[in-house]
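Trainee: mmCIF, C-alpha atoms, file query17.cif:
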```
data_work
loop_
_atom_site.label_atom_id
_atom_site.label_comp_id
_atom_site.auth_asym_id
_atom_site.auth_seq_id
_atom_site.Cartn_x
_atom_site.Cartn_y
_atom_site.Cartn_z
CA MET A 18 -26.16 -34.79 34.65
CA GLU A 19 -25.70 -31.18 33.57
CA ALA A 20 -23.06 -30.66 30.90
CA ILE A 21 -19.96 -28.74 31.97
CA GLN A 22 -19.74 -25.34 30.32
CA LYS A 23 -16.40 -25.26 28.54
CA LYS A 24 -14.33 -22.10 28.76
CA ASP A 25 -13.22 -20.28 25.61
CA ILE A 26 -9.49 -20.93 25.46
CA ARG A 27 -8.87 -17.52 23.92
CA ALA A 28 -9.81 -15.91 27.23
CA LEU A 29 -6.49 -17.25 28.60
CA THR A 30 -3.28 -15.24 28.47
CA ARG A 31 -0.04 -16.72 27.20
CA GLU A 32 1.16 -17.14 30.80
CA GLU A 33 -2.05 -18.90 31.81
CA LEU A 34 -1.63 -21.34 28.91
CA ARG A 35 1.99 -22.00 29.90
CA SER A 36 0.90 -22.65 33.50
CA PHE A 37 -1.89 -24.94 32.30
CA PHE A 38 0.63 -27.25 30.62
CA LEU A 39 3.15 -27.09 33.48
CA GLU A 40 0.45 -28.14 35.96
CA ARG A 41 -0.14 -31.23 33.83
CA GLY A 42 3.52 -32.19 33.84
CA ASP A 43 4.08 -30.99 30.27
CA LYS A 44 6.46 -28.37 28.92
CA ALA A 45 5.56 -24.67 29.25
CA TYR A 46 6.36 -24.05 25.58
CA ARG A 47 3.26 -26.07 24.65
CA GLY A 48 1.32 -23.02 25.89
CA ASP A 49 3.32 -20.83 23.52
CA GLN A 50 2.50 -23.17 20.64
CA VAL A 51 -1.24 -23.06 21.41
CA PHE A 52 -1.13 -19.28 21.81
CA GLU A 53 0.51 -18.90 18.40
CA TRP A 54 -2.09 -21.14 16.78
CA LEU A 55 -4.92 -19.13 18.34
CA TRP A 56 -3.68 -15.66 17.47
CA LYS A 57 -0.93 -15.54 14.84
CA LYS A 58 -2.33 -18.40 12.77
CA GLY A 59 -6.01 -17.79 13.55
CA ALA A 60 -6.85 -21.46 14.21
CA HIS A 61 -10.54 -22.14 14.73
CA SER A 62 -10.12 -25.82 15.66
CA PHE A 63 -7.81 -27.76 17.95
CA GLU A 64 -7.44 -30.27 15.11
CA ASP A 65 -5.57 -27.57 13.15
CA MET A 66 -2.79 -27.50 15.78
CA THR A 67 -0.71 -30.09 13.97
CA ASN A 68 2.50 -29.68 16.01
CA LEU A 69 0.63 -30.93 19.09
CA SER A 70 0.12 -34.64 19.70
CA LYS A 71 -3.33 -36.13 19.20
CA SER A 72 -3.64 -36.78 22.93
CA VAL A 73 -2.90 -33.11 23.75
CA ARG A 74 -5.42 -31.95 21.14
CA SER A 75 -8.06 -34.31 22.56
CA MET A 76 -7.37 -33.06 26.08
CA LEU A 77 -7.80 -29.45 24.96
CA MET A 78 -11.06 -30.33 23.18
CA GLU A 79 -12.40 -31.94 26.36
CA GLN A 80 -11.74 -28.83 28.44
CA TYR A 81 -12.01 -25.83 26.11
CA VAL A 82 -13.77 -24.42 23.07
CA ILE A 83 -12.69 -21.83 20.48
CA ASN A 84 -15.70 -19.53 20.10
CA HIS A 85 -14.76 -18.23 16.68
CA ILE A 86 -16.89 -16.19 14.29
CA GLU A 87 -18.24 -17.33 10.93
CA VAL A 88 -18.83 -15.11 7.92
CA ASP A 89 -22.48 -16.09 7.52
CA HIS A 90 -23.10 -14.05 4.36
CA MET A 91 -20.83 -11.97 2.14
CA GLN A 92 -21.96 -9.29 -0.33
CA ARG A 93 -19.66 -7.70 -2.91
CA SER A 94 -20.35 -4.21 -4.23
CA LYS A 95 -19.66 -3.12 -7.79
CA ASP A 96 -16.99 -0.77 -6.36
CA GLY A 97 -15.15 -3.68 -4.68
CA THR A 98 -16.50 -3.11 -1.18
CA ILE A 99 -17.35 -6.30 0.73
CA LYS A 100 -19.94 -6.49 3.52
CA ASN A 101 -19.86 -9.46 5.90
CA ALA A 102 -22.71 -10.64 8.08
CA VAL A 103 -20.70 -12.17 10.91
CA ARG A 104 -22.30 -14.88 13.03
CA LEU A 105 -21.05 -15.06 16.61
CA HIS A 106 -20.84 -18.24 18.69
CA ASP A 107 -24.22 -17.49 20.35
CA GLY A 108 -25.98 -16.95 17.01
CA LEU A 109 -26.06 -13.14 17.14
CA ILE A 110 -25.04 -11.23 14.01
CA VAL A 111 -22.83 -8.18 13.51
CA GLU A 112 -21.52 -6.65 10.31
CA SER A 113 -18.06 -5.72 9.09
CA VAL A 114 -16.91 -4.13 5.85
CA LEU A 115 -13.81 -4.23 3.64
CA ILE A 116 -13.31 -0.89 1.87
CA PRO A 117 -10.77 -0.91 -0.99
CA THR A 118 -9.12 2.06 -2.68
CA SER A 119 -6.27 2.16 -5.17
CA LYS A 120 -3.67 2.39 -2.40
CA ARG A 121 -5.15 0.63 0.62
CA THR A 122 -7.74 -1.74 1.99
CA THR A 123 -9.53 -0.77 5.19
CA ALA A 124 -11.48 -2.96 7.60
CA CYS A 125 -14.49 -1.34 9.22
CA VAL A 126 -15.24 -3.46 12.29
CA SER A 127 -18.01 -3.66 14.89
CA SER A 128 -17.53 -3.49 18.66
CA GLN A 129 -21.05 -4.18 19.96
CA VAL A 130 -24.10 -6.17 18.90
CA GLY A 131 -26.43 -3.25 18.28
CA CYS A 132 -25.46 0.07 19.87
CA SER A 133 -25.57 1.76 23.26
CA LEU A 134 -26.36 5.16 21.76
CA ASP A 135 -29.35 6.61 19.94
CA CYS A 136 -28.24 8.62 16.90
CA LYS A 137 -31.36 9.23 14.83
CA PHE A 138 -29.62 9.06 11.43
CA CYS A 139 -27.98 5.65 11.93
CA ALA A 140 -29.56 2.26 11.17
CA THR A 141 -27.49 0.48 13.82
CA ALA A 142 -28.88 2.76 16.56
CA ARG A 143 -32.32 1.26 15.93
CA LEU A 144 -31.11 -2.10 17.15
CA LYS A 145 -31.20 -2.84 20.84
CA ARG A 146 -27.70 -3.28 22.24
CA MET A 147 -27.54 -6.99 22.97
CA ARG A 148 -23.98 -7.23 24.28
CA ASN A 149 -20.38 -6.12 23.89
CA LEU A 150 -18.12 -8.08 21.59
CA ASN A 151 -15.26 -9.99 23.17
CA PRO A 152 -11.68 -9.12 22.14
CA ASP A 153 -11.38 -12.31 20.06
CA GLU A 154 -14.63 -11.53 18.19
CA ILE A 155 -13.26 -8.13 17.21
CA TYR A 156 -9.92 -9.69 16.28
CA ASP A 157 -11.63 -12.37 14.16
CA GLN A 158 -13.40 -9.73 12.06
CA VAL A 159 -10.01 -8.22 11.20
CA VAL A 160 -8.48 -11.62 10.36
CA ALA A 161 -11.43 -12.47 8.09
CA ILE A 162 -11.15 -9.14 6.24
CA ASP A 163 -7.38 -9.50 5.92
CA ARG A 164 -7.96 -12.85 4.17
CA GLN A 165 -10.56 -11.28 1.88
CA SER A 166 -8.18 -8.41 1.08
CA ARG A 167 -5.49 -10.88 0.06
CA LEU A 168 -7.95 -13.01 -1.93
CA TYR A 169 -9.87 -10.29 -3.80
CA HIS A 170 -7.39 -7.40 -3.87
CA ASN A 171 -4.02 -9.21 -3.79
CA ARG A 172 -2.70 -7.29 -0.81
CA PRO A 173 -2.87 -7.49 2.97
CA LEU A 174 -5.18 -5.30 5.00
CA SER A 175 -3.57 -1.88 5.53
CA ASN A 176 -5.94 0.01 7.87
CA ILE A 177 -8.65 -0.58 10.48
CA VAL A 178 -11.45 1.73 11.57
CA PHE A 179 -13.76 1.07 14.50
CA MET A 180 -16.77 2.55 12.72
CA GLY A 181 -19.01 -0.49 12.44
CA MET A 182 -21.85 -1.40 14.76
CA GLY A 183 -21.64 -0.09 18.32
CA GLU A 184 -19.88 2.65 20.28
CA PRO A 185 -16.28 1.47 20.81
CA LEU A 186 -15.74 3.54 23.97
CA MET A 187 -18.72 1.81 25.61
CA ASN A 188 -16.72 -1.42 25.18
CA TYR A 189 -13.36 0.17 25.83
CA ARG A 190 -11.51 -2.63 27.64
CA ASN A 191 -12.36 -5.27 25.04
CA VAL A 192 -11.54 -2.91 22.16
CA LEU A 193 -8.17 -2.18 23.77
CA LYS A 194 -7.43 -5.90 24.24
CA ALA A 195 -8.34 -6.58 20.61
CA ILE A 196 -6.05 -3.77 19.42
CA ASP A 197 -3.24 -5.19 21.57
CA LYS A 198 -3.62 -8.49 19.74
CA ILE A 199 -3.93 -6.83 16.30
CA THR A 200 -0.78 -4.77 16.84
CA GLY A 201 1.25 -7.33 18.80
CA ASP A 202 3.94 -9.54 17.25
CA GLU A 203 1.96 -12.52 18.55
CA GLY A 204 -1.03 -11.41 16.43
CA LEU A 205 -1.13 -9.47 13.16
CA GLY A 206 1.70 -7.05 13.93
CA MET A 207 -0.13 -4.03 12.45
CA SER A 208 1.00 -0.52 13.34
CA PRO A 209 -1.35 1.23 15.81
CA LYS A 210 -1.01 4.33 13.62
CA ARG A 211 -3.07 2.48 11.01
CA ILE A 212 -5.97 2.02 13.43
CA THR A 213 -8.65 4.67 14.06
CA VAL A 214 -11.20 4.40 16.85
CA SER A 215 -14.30 6.46 16.06
CA THR A 216 -16.49 7.64 18.92
CA SER A 217 -19.61 9.72 19.24
CA GLY A 218 -17.88 11.24 22.24
CA VAL A 219 -17.60 9.76 25.74
CA PRO A 220 -15.51 12.39 27.59
CA LYS A 221 -14.52 10.23 30.56
CA ILE A 222 -13.12 7.47 28.32
CA ILE A 223 -11.35 9.93 25.99
CA ARG A 224 -9.48 11.19 29.07
CA LYS A 225 -8.73 7.62 30.09
CA MET A 226 -7.31 6.88 26.63
CA ALA A 227 -5.05 9.92 26.94
CA ASP A 228 -3.84 8.84 30.39
CA GLU A 229 -3.11 5.34 29.08
CA GLU A 230 -1.14 6.82 26.17
CA VAL A 231 -2.85 4.78 23.47
CA ARG A 232 -1.11 4.97 20.11
CA PHE A 233 -4.04 4.57 17.75
CA LYS A 234 -5.83 7.52 16.13
CA LEU A 235 -9.01 9.14 17.42
CA ALA A 236 -12.00 10.22 15.31
CA VAL A 237 -15.08 11.95 16.70
CA SER A 238 -18.49 11.63 15.09
CA LEU A 239 -19.49 15.27 15.63
CA HIS A 240 -22.14 16.40 13.07
CA SER A 241 -22.85 19.66 14.89
CA ALA A 242 -20.95 22.03 17.17
CA ILE A 243 -24.19 23.58 18.48
CA ASP A 244 -25.56 21.76 21.53
CA GLU A 245 -29.28 21.96 20.73
CA VAL A 246 -28.73 20.82 17.14
CA ARG A 247 -26.47 17.96 18.17
CA THR A 248 -28.88 16.84 20.90
CA SER A 249 -31.76 16.81 18.38
CA ILE A 250 -29.94 14.25 16.21
CA MET A 251 -27.74 12.59 18.87
CA PRO A 252 -29.84 12.65 22.07
CA PHE A 253 -27.03 11.37 24.31
CA ASN A 254 -25.40 14.79 23.76
CA ALA A 255 -27.69 16.02 26.55
CA THR A 256 -25.54 13.91 28.89
CA PHE A 257 -22.17 14.19 27.13
CA THR A 258 -22.32 17.88 26.21
CA LEU A 259 -20.10 19.61 23.67
CA SER A 260 -18.28 21.58 26.39
CA ASP A 261 -17.43 18.33 28.22
CA LEU A 262 -16.38 16.73 24.94
CA ARG A 263 -14.19 19.67 24.01
CA GLU A 264 -12.48 19.67 27.42
CA ALA A 265 -11.76 15.95 27.06
CA LEU A 266 -10.39 16.46 23.54
CA GLU A 267 -8.19 19.33 24.73
CA TYR A 268 -6.83 16.97 27.38
CA TRP A 269 -6.32 14.27 24.72
CA TYR A 270 -4.29 16.62 22.56
CA GLN A 271 -2.20 17.92 25.48
CA LYS A 272 -1.27 14.35 26.42
CA THR A 273 -0.84 12.77 22.97
CA LYS A 274 -0.10 15.66 20.58
CA SER A 275 -2.19 13.59 18.14
CA ARG A 276 -4.39 15.36 15.59
CA ILE A 277 -8.14 14.90 16.03
CA THR A 278 -10.35 13.86 13.12
CA TYR A 279 -13.99 14.94 13.09
CA GLU A 280 -16.55 12.96 11.09
CA TYR A 281 -19.30 15.31 9.94
CA VAL A 282 -22.40 14.79 7.79
CA VAL A 283 -24.23 17.87 6.45
CA TRP A 284 -28.02 17.44 6.23
CA GLU A 285 -30.55 19.67 4.56
CA GLY A 286 -32.38 21.80 7.12
CA VAL A 287 -30.38 20.40 10.06
CA ASN A 288 -26.84 21.79 9.99
CA ASP A 289 -26.53 23.53 6.61
CA ARG A 290 -26.61 27.17 7.77
CA GLN A 291 -23.76 29.64 8.09
CA LYS A 292 -24.01 29.56 11.89
CA ASP A 293 -23.47 25.79 11.80
CA VAL A 294 -20.30 26.33 9.78
CA ASP A 295 -19.06 29.07 12.10
CA ALA A 296 -19.66 26.91 15.18
CA LEU A 297 -17.66 24.04 13.69
CA VAL A 298 -14.73 26.28 12.80
CA GLU A 299 -14.71 27.68 16.33
CA PHE A 300 -14.93 24.19 17.87
CA CYS A 301 -11.93 22.97 15.86
CA ARG A 302 -9.58 25.83 16.79
CA PHE A 303 -8.16 24.46 20.07
CA ALA A 304 -6.03 21.71 18.48
CA PRO A 305 -4.76 20.58 15.07
CA SER A 306 -7.65 18.78 13.44
CA LYS A 307 -9.05 17.37 10.25
CA VAL A 308 -12.70 17.39 9.21
CA ASN A 309 -14.09 14.60 7.04
CA LEU A 310 -17.31 15.79 5.41
CA ILE A 311 -19.15 12.52 4.78
CA GLU A 312 -21.81 11.86 2.19
CA TYR A 313 -25.06 10.87 3.88
CA ASN A 314 -26.46 7.42 3.19
CA PRO A 315 -30.24 7.13 3.58
CA ILE A 316 -31.76 4.49 5.86
CA ASP A 317 -35.19 4.21 4.17
CA ASP A 318 -37.40 6.54 6.17
CA GLY A 319 -36.36 9.78 4.45
CA ASP A 320 -36.23 11.85 7.66
CA PHE A 321 -32.71 13.00 6.76
CA ARG A 322 -31.58 14.29 3.38
CA GLN A 323 -28.09 15.02 2.13
CA ALA A 324 -27.44 18.78 1.91
CA ASP A 325 -26.73 20.24 -1.51
CA ASP A 326 -23.26 21.04 -2.84
CA ILE A 327 -23.63 24.74 -1.98
CA ALA A 328 -23.75 23.87 1.73
CA ILE A 329 -20.79 21.49 1.40
CA ASP A 330 -18.77 24.17 -0.42
CA MET A 331 -19.64 26.65 2.34
CA TYR A 332 -18.09 24.28 4.91
CA VAL A 333 -15.04 23.57 2.77
CA ASP A 334 -14.33 27.26 2.10
CA ALA A 335 -14.68 28.28 5.75
CA LEU A 336 -12.58 25.41 7.10
CA GLU A 337 -9.81 25.96 4.55
CA ALA A 338 -9.81 29.71 5.25
CA ALA A 339 -9.30 28.88 8.94
CA GLY A 340 -6.37 26.59 8.11
CA ILE A 341 -8.26 23.41 9.03
CA THR A 342 -7.70 20.34 6.86
CA VAL A 343 -10.93 19.21 5.24
CA THR A 344 -11.81 16.34 2.91
CA VAL A 345 -15.11 15.42 1.27
CA ARG A 346 -15.56 11.67 1.54
CA ARG A 347 -17.76 9.91 -0.96
CA SER A 348 -19.34 6.74 0.33
CA ARG A 349 -18.56 3.30 -1.00
CA GLY A 350 -20.66 0.14 -0.92
CA LYS A 351 -24.00 1.97 -1.05
CA ASP A 352 -25.51 -0.64 -3.40
CA ILE A 353 -25.13 -3.29 -0.67
CA ASP A 354 -25.99 -0.99 2.30
CA ALA A 355 -22.39 -1.15 3.50
CA ALA A 356 -21.88 2.61 3.62
CA CYS A 357 -21.47 4.72 6.74
CA GLY A 358 -24.60 4.63 8.92
CA GLN A 359 -26.27 1.82 6.97
CA LEU A 360 -25.01 -1.25 8.81
CA ALA A 361 -27.84 -3.52 9.94
CA ASN A 362 -30.24 -1.70 7.66
CA LYS A 363 -31.23 -4.51 5.32
CA SER A 364 -29.11 -7.52 6.12
#
```
Show this structure as structure tokens.

Mentor:
Amino acid sequence: MEAIQKKDIRALTREELRSFFLERGDKAYRGDQVFEWLWKKGAHSFEDMTNLSKSVRSMLMEQYVINHIEVDHMQRSKDGTIKNAVRLHDGLIVESVLIPTSKRTTACVSSQVGCSLDCKFCATARLKRMRNLNPDEIYDQVVAIDRQSRLYHNRPLSNIVFMGMGEPLMNYRNVLKAIDKITGDEGLGMSPKRITVSTSGVPKIIRKMADEEVRFKLAVSLHSAIDEVRTSIMPFNATFTLSDLREALEYWYQKTKSRITYEYVVWEGVNDRQKDVDALVEFCRFAPSKVNLIEYNPIDDGDFRQADDIAIDMYVDALEAAGITVTVRRSRGKDIDAACGQLANKS
């Protein structure tokens, strides 16, 4: 006889869990207890749910599973950065990173196995997109990093960035559900203002986010404000053009009044000319924005090289002269390939 495929209990809402117990002649609050174990306490086993009777725990085990993640391998950098190889219930692997500074610890989490897009400078883009992560798999990455932050840095996780493997807006619904759990009182209770979703730019979904009045921050992985240059390094730009992206971002700002952050790497011979700088300044003018100039992290083949400091200074001077906030971000975790763009490179 074919084995019955058990459903992941974390796919159920609180109300569905309450109804499940009522239908069995039990009290509805049992559903609340299970829900709290699953989300607030991060239980990975029904045996952990010690305020439930053994018979209730056995019944849950017969009907459901908890498809939790496992940190399969952890690497610690000399600068305190931690990279996790996270094994999912079906054996697939994604990566997540804990990034510590003197004032905060940030979780960099993945949203897809592989990536839907094809950025030429990113190791993750070389992996075929296998599937989207479920909300609980995203949530579990955050819980695991929060525990590591407390263990190794003596403080809870303070910030989350969706800058790991995958394009978050290509898995928008599941990312949103995960953030609801992360920010909800029934989960981790983190402020949405401490969460940044980074996208390469999917105009339709950026508009949708604005309409749904999301409260997290938005970052755009831009890297060029000239269409032909951007398309040469991010081929999907031929479909999601800069003019479409800018219109969507204008709409975002009109609806949210939330400053836009641009992530921008400067490469030698790609976007290190004065006209590249001028185009970026012009692109940023329509709304309050911040530009993070990010140090490039090689991915072995040497096709891309970090621009020299003269080019970086040219960007900084022009952006500051235009009244645009700019920071130069040095990468962390490079010795364990945990830096921006390196995930899935050597793990």

Trainee: Given the PyMOL selection byres ((chain A and resi 257-261) around 12) and the file above, list the residues it selects as a PyMOL selection string.

Mentor: chain A and resi 134+216-224+237-248+251-256+262-268+296-297+300-301

Trainee: To verify the selection step, state as a PyMOL selection string which residues the PyMOL selection byres ((chain A and resi 176-178) around 6) yields on this input.

Mentor: chain A and resi 123-125+175+179-180+211-214

Trainee: Find the residues around Met187 in chain A up to 10 Å (all atoms listed in the file counted), leave out those fewer than 3 positions away in its own chain, and share them as JSON, numbers by chain.

Mentor: {"A": [128, 129, 132, 133, 134, 149, 183, 184, 190, 191, 192, 216, 219, 222]}

Trainee: What gap, in Å, lies between CA of Gln323 in chain A and CA of Ser249 in chain A?

Mentor: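 Straight-line distance from CA of Gln323 in chain A to CA of Ser249 in chain A works out to 16.8 Å.
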
Trainee: Run the PyMOL selection byres ((chain A and resi 83) around 9) on the file and write out the hits as a PyMOL selection string.

Mentor: chain A and resi 24-27+55+60-63+81-82+84-85

Trainee: Considering only C-alpha atoms, return as a PyMOL selection string whatever protein or nucleic-acid residues lie within 10 Å of Glu112 in chain A, sequence-local ones (same chain, fewer than 2 positions apart) excluded.

Mentor: chain A and resi 88-91+100-104+110+114+125-131+141+158+181-182+355+360-361+364

Trainee: Quick one: residues within 12 Å of Thr30 in chain A, only C-alpha atoms counted, chain neighbours fewer than 3 positions away excluded, as a PyMOL selection string?

Mentor: chain A and resi 25-27+33-37+48-49+51-53+55-56+194+198+203

Trainee: Using Å and a single decimal, report how far CA of Thr98 in chain A sits from CA of Asp320 in chain A.

Mentor: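 Calculated distance between CA of Asp320 in chain A and CA of Thr98 in chain A is 26.3 Å.
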